[in-house]
Amino acid sequence: MTFKQYTIYLMQLRTLILLFSVCMCFAEVHAQWDTQISQYWRIKTYYNPSFAGEIDSLHVGGLHRQQWVGIDNAPKATIISADMPFNFLDRKHGVGALVVTESKGLFKNTTMSGQYVYKKKFKKNLLNVGIQLGIANISFDAAGIEIPDSNDHDKGDEGIPGSDADNSSAFDMGLGVSWIAPNYYVGFSATHVMEPNITLDKTRSAYIPRTFYLTGGYNIKLRNPLIELQPSFLVKSDLVATQIDVTARAVYNKMFNGGISWRKDDGFIFLLGVTFRNFDVGYAYDLSTSAISTVSKGTHEFFVRYAMPLNLDKPKKNRRKSVRVL
């Protein structure tokens with residue numbers, strides 16, 4: 001076999017593998033839908049709606065994740081979130097909004113959701129129960145499939161997705177509960193509760209599996225009042241695959257923060273952040289120790305959020321009744 005023939009053979013093999021993967025994904029998608037997030041404590045409403053309106057501020061933020069740099073068509077995700085508390089009938093509630101856009105190869109997933117939280121106070125602690133309702137959409141760029149011109153490839157093969165399998169939506173829902181104390185928090189949630197099935201065409205559909213999350217964090221105050229330790233964890237599972245993140249972070253003067261995370265079966269994450277005025281900015285670099293590290297230059301994740309304080313607990317003005325003595 002000549003070098004030219006060997007090169008053509010490799011190109012054909014790569015194309016066949018790509019087409020096989022696409023067809024398998026289209027036939028019935030069972031992979032985890034939710035985007036993998038490294039700075040999970042900064043955007044807790046993404047996986048648990050009960051954290052919306054966690055503190056008395058209007059939060060507006062965004063996160064962008066560029067995964068597996070160096071690999072063509074690697075996953076990319078952008079998350080825009082907003083949340084705030086409010087008072088109604090002498091009780092505090094929370095609301096939030098979430099827009100998530102993710103691309104994976106020729107697939108593009110988009111979710112738009114609204115969130116509501118019922119809050120119940122127990123002395124200094126807060127029990128939150130949240131619900132999330134929204135629309136999940138899958139689109140596929142069939143025009144992006146490249147088929148070589150040769151006698152060994154049939155562009156009219158019915159197994160290749162056509163232009164009719166390009167866009168479809170379904171109703172989606174999530175539930176969550178959290179317990180927030182002065183020095184710690186813990187939460188449990190489920191996304192895609194109804195396990196929506198999105199039909200792309202007559203023979204292909206995308207199945208979004210129900211995913212469960214367990215998260216928690218603690219604020220440890222040291223003798224030096226300028227330094228605080230903030231360990232946290234996140235467990236994510238669809239009962240087929242489970243991901244575990246364990247994080248150790250330190251905060252200096254409530255302004256600078258940094259740390260490291262360990263991710264089960266994947267590697268380590270290096271974290272940096274700064275809080276100034278009403279802005280919170282963070283960066284994460286994922287260094288994988290799995291086989292993907294041989295072809296990838298790592299993963300970058302950027303986060304920014306603005307917080308506008310709200311005064312929901314201001315005392316009511318004294319009202320005096322006019323009493324008429326007869």
# chains A, B, ... in the order shown; residues from 1 in each chain; ligands from 1
call {"tool": "residues_around", "arguments": {"residues": "Leu312 in chain A", "least_positions_apart": "5", "cutoff": "9 Å", "atoms": "only C-alpha atoms", "output": "PyMOL selection string"}}
result
chain A and resi 56+85-87+92
call {"tool": "write_last_selection", "arguments": {"atoms": "N, CA and C atoms", "output": "compact mmCIF listing (two decimals), in the first residue's frame"}}
result
# COMPACT_ATOMS: atom_id res chain seq x y z
N ASP A 56 -30.44 38.65 49.21
CA ASP A 56 -31.23 39.83 48.87
C ASP A 56 -30.53 40.69 47.83
N PRO A 85 -34.94 37.70 44.89
CA PRO A 85 -36.04 37.42 45.82
C PRO A 85 -37.09 38.54 45.76
N PHE A 86 -38.26 38.26 46.30
CA PHE A 86 -39.28 39.30 46.42
C PHE A 86 -40.24 38.93 47.55
N ASN A 87 -40.92 39.92 48.09
CA ASN A 87 -41.88 39.71 49.16
C ASN A 87 -43.30 39.72 48.60
N LYS A 92 -41.30 35.71 51.91
CA LYS A 92 -40.28 35.88 50.88
C LYS A 92 -40.33 34.73 49.87
call {"tool": "residues_around", "arguments": {"residues": "range 299-301 of chain A", "least_positions_apart": "6", "cutoff": "10 Å", "atoms": "only C-alpha atoms", "output": "short mmCIF file (atom, residue, chain, number, x, y, z; two decimals) with C-alpha atoms, in the first residue's frame"}}
result
data_model
loop_
_atom_site.label_atom_id
_atom_site.label_comp_id
_atom_site.auth_asym_id
_atom_site.auth_seq_id
_atom_site.Cartn_x
_atom_site.Cartn_y
_atom_site.Cartn_z
CA ILE A 37 -19.84 23.10 34.82
CA SER A 38 -16.63 23.56 36.81
CA GLN A 39 -17.62 26.71 38.75
CA LEU A 63 -20.87 31.70 31.91
CA HIS A 64 -19.04 30.53 28.80
CA ARG A 65 -17.31 27.18 28.57
CA GLN A 66 -14.93 26.10 25.79
CA GLN A 67 -14.33 22.39 26.26
CA TRP A 68 -11.42 20.32 24.92
CA VAL A 69 -9.53 23.08 23.12
CA GLY A 70 -7.76 21.73 20.04
CA PRO A 75 -18.54 21.12 23.05
CA LYS A 76 -19.15 24.81 23.77
CA ALA A 77 -21.74 26.25 26.11
CA THR A 78 -23.09 29.65 27.14
CA ILE A 269 -9.55 22.04 37.84
CA LEU A 271 -9.75 28.13 39.91
CA GLY A 282 -14.22 33.76 37.84
CA TYR A 283 -12.04 31.55 35.66
CA ALA A 284 -11.50 27.78 35.61
CA TYR A 285 -9.02 25.66 33.70
CA ASP A 286 -9.75 21.93 33.42
CA LEU A 287 -6.66 19.77 33.17
CA SER A 288 -7.77 16.29 32.19
#
call {"tool": "atom_distance", "arguments": {"atom1": "CA of Ser113 in chain A", "atom2": "CA of Leu126 in chain A"}}
result
23.8 Å
call {"tool": "select_by_dssp", "arguments": {"residues": "range 36-168 of chain A", "states": "strand (DSSP E or B)", "output": "PyMOL selection string"}}
result
chain A and resi 57-66+76-88+91-104+107-122+125-140+167-168
call {"tool": "write_last_selection", "arguments": {"atoms": "C-alpha atoms", "output": "tab-separated table (two decimals), in the first residue's frame"}}
result
chain	number	residue	atom	x	y	z
A	57	SER	CA	-29.80	40.89	45.52
A	58	LEU	CA	-30.76	40.97	41.87
A	59	HIS	CA	-28.22	38.72	40.13
A	60	VAL	CA	-27.52	38.85	36.39
A	61	GLY	CA	-24.68	36.70	35.13
A	62	GLY	CA	-23.19	34.70	32.32
A	63	LEU	CA	-20.87	31.70	31.91
A	64	HIS	CA	-19.04	30.53	28.80
A	65	ARG	CA	-17.31	27.18	28.57
A	66	GLN	CA	-14.93	26.10	25.79
A	76	LYS	CA	-19.15	24.81	23.77
A	77	ALA	CA	-21.74	26.25	26.11
A	78	THR	CA	-23.09	29.65	27.14
A	79	ILE	CA	-25.38	30.15	30.14
A	80	ILE	CA	-27.22	33.39	30.92
A	81	SER	CA	-28.98	33.57	34.28
A	82	ALA	CA	-30.92	36.07	36.38
A	83	ASP	CA	-32.60	35.70	39.76
A	84	MET	CA	-33.91	37.74	42.68
A	85	PRO	CA	-36.04	37.42	45.82
A	86	PHE	CA	-39.28	39.30	46.42
A	87	ASN	CA	-41.88	39.71	49.16
A	88	PHE	CA	-45.51	38.72	48.68
A	91	ARG	CA	-43.48	36.02	52.90
A	92	LYS	CA	-40.28	35.88	50.88
A	93	HIS	CA	-40.18	34.12	47.50
A	94	GLY	CA	-37.68	33.84	44.65
A	95	VAL	CA	-37.79	33.97	40.85
A	96	GLY	CA	-35.22	33.27	38.16
A	97	ALA	CA	-34.67	32.90	34.43
A	98	LEU	CA	-32.20	30.72	32.56
A	99	VAL	CA	-31.08	30.51	28.93
A	100	VAL	CA	-28.61	27.76	27.97
A	101	THR	CA	-27.07	27.24	24.52
A	102	GLU	CA	-24.70	24.36	23.86
A	103	SER	CA	-23.14	22.96	20.71
A	104	LYS	CA	-21.77	19.42	20.39
A	107	PHE	CA	-25.91	19.27	17.36
A	108	LYS	CA	-27.07	22.46	19.07
A	109	ASN	CA	-29.12	22.33	22.28
A	110	THR	CA	-31.03	25.32	23.64
A	111	THR	CA	-33.08	25.58	26.83
A	112	MET	CA	-35.14	28.55	28.04
A	113	SER	CA	-36.63	28.29	31.53
A	114	GLY	CA	-38.36	30.24	34.27
A	115	GLN	CA	-37.96	29.46	37.99
A	116	TYR	CA	-40.03	29.99	41.15
A	117	VAL	CA	-38.97	29.39	44.77
A	118	TYR	CA	-41.05	29.12	47.94
A	119	LYS	CA	-39.03	30.05	51.03
A	120	LYS	CA	-39.68	29.04	54.63
A	121	LYS	CA	-37.58	30.52	57.43
A	122	PHE	CA	-36.51	28.50	60.49
A	125	ASN	CA	-31.96	28.95	58.44
A	126	LEU	CA	-33.94	28.90	55.21
A	127	LEU	CA	-35.71	26.01	53.50
A	128	ASN	CA	-36.22	26.58	49.75
A	129	VAL	CA	-38.41	24.57	47.40
A	130	GLY	CA	-38.10	25.44	43.71
A	131	ILE	CA	-39.62	24.50	40.37
A	132	GLN	CA	-38.35	25.17	36.85
A	133	LEU	CA	-40.48	25.13	33.70
A	134	GLY	CA	-39.17	25.63	30.20
A	135	ILE	CA	-38.65	24.50	26.62
A	136	ALA	CA	-35.79	22.26	25.43
A	137	ASN	CA	-34.81	22.43	21.77
A	138	ILE	CA	-32.47	20.28	19.66
A	139	SER	CA	-31.26	21.29	16.22
A	140	PHE	CA	-28.98	19.39	13.85
A	167	ASN	CA	-35.13	21.15	14.67
A	168	SER	CA	-37.56	20.03	17.38
call {"tool": "atom_distance", "arguments": {"atom1": "CA of Phe233 in chain A", "atom2": "CA of Tyr185 in chain A"}}
result
10.7 Å
call {"tool": "atom_distance", "arguments": {"atom1": "CA of Ala74 in chain A", "atom2": "CA of Leu239 in chain A"}}
result
24.8 Å
call {"tool": "residues_around", "arguments": {"residues": "Pro196 in chain A", "least_positions_apart": "4", "cutoff": "8 Å", "atoms": "only C-alpha atoms", "output": "PyMOL selection string"}}
result
chain A and resi 170-172+192+207-209
call {"tool": "residues_around", "arguments": {"residues": "Thr211 in chain A", "least_positions_apart": "2", "cutoff": "9 Å", "atoms": "only C-alpha atoms", "output": "list in words"}}
result
Gln32, Trp33, Asp34, Ser189, Ala190, Thr191, His192, Val193, Ile208, Pro209, Tyr213, Lys236, Ser237, Asp238 and Leu239 of chain A
call {"tool": "closest_residue", "arguments": {"among": "A:Gly105, A:Gly267, A:Gly273, A:Gly217", "to": "Ala248 in chain A", "atoms": "only C-alpha atoms"}}
result
A:Gly217
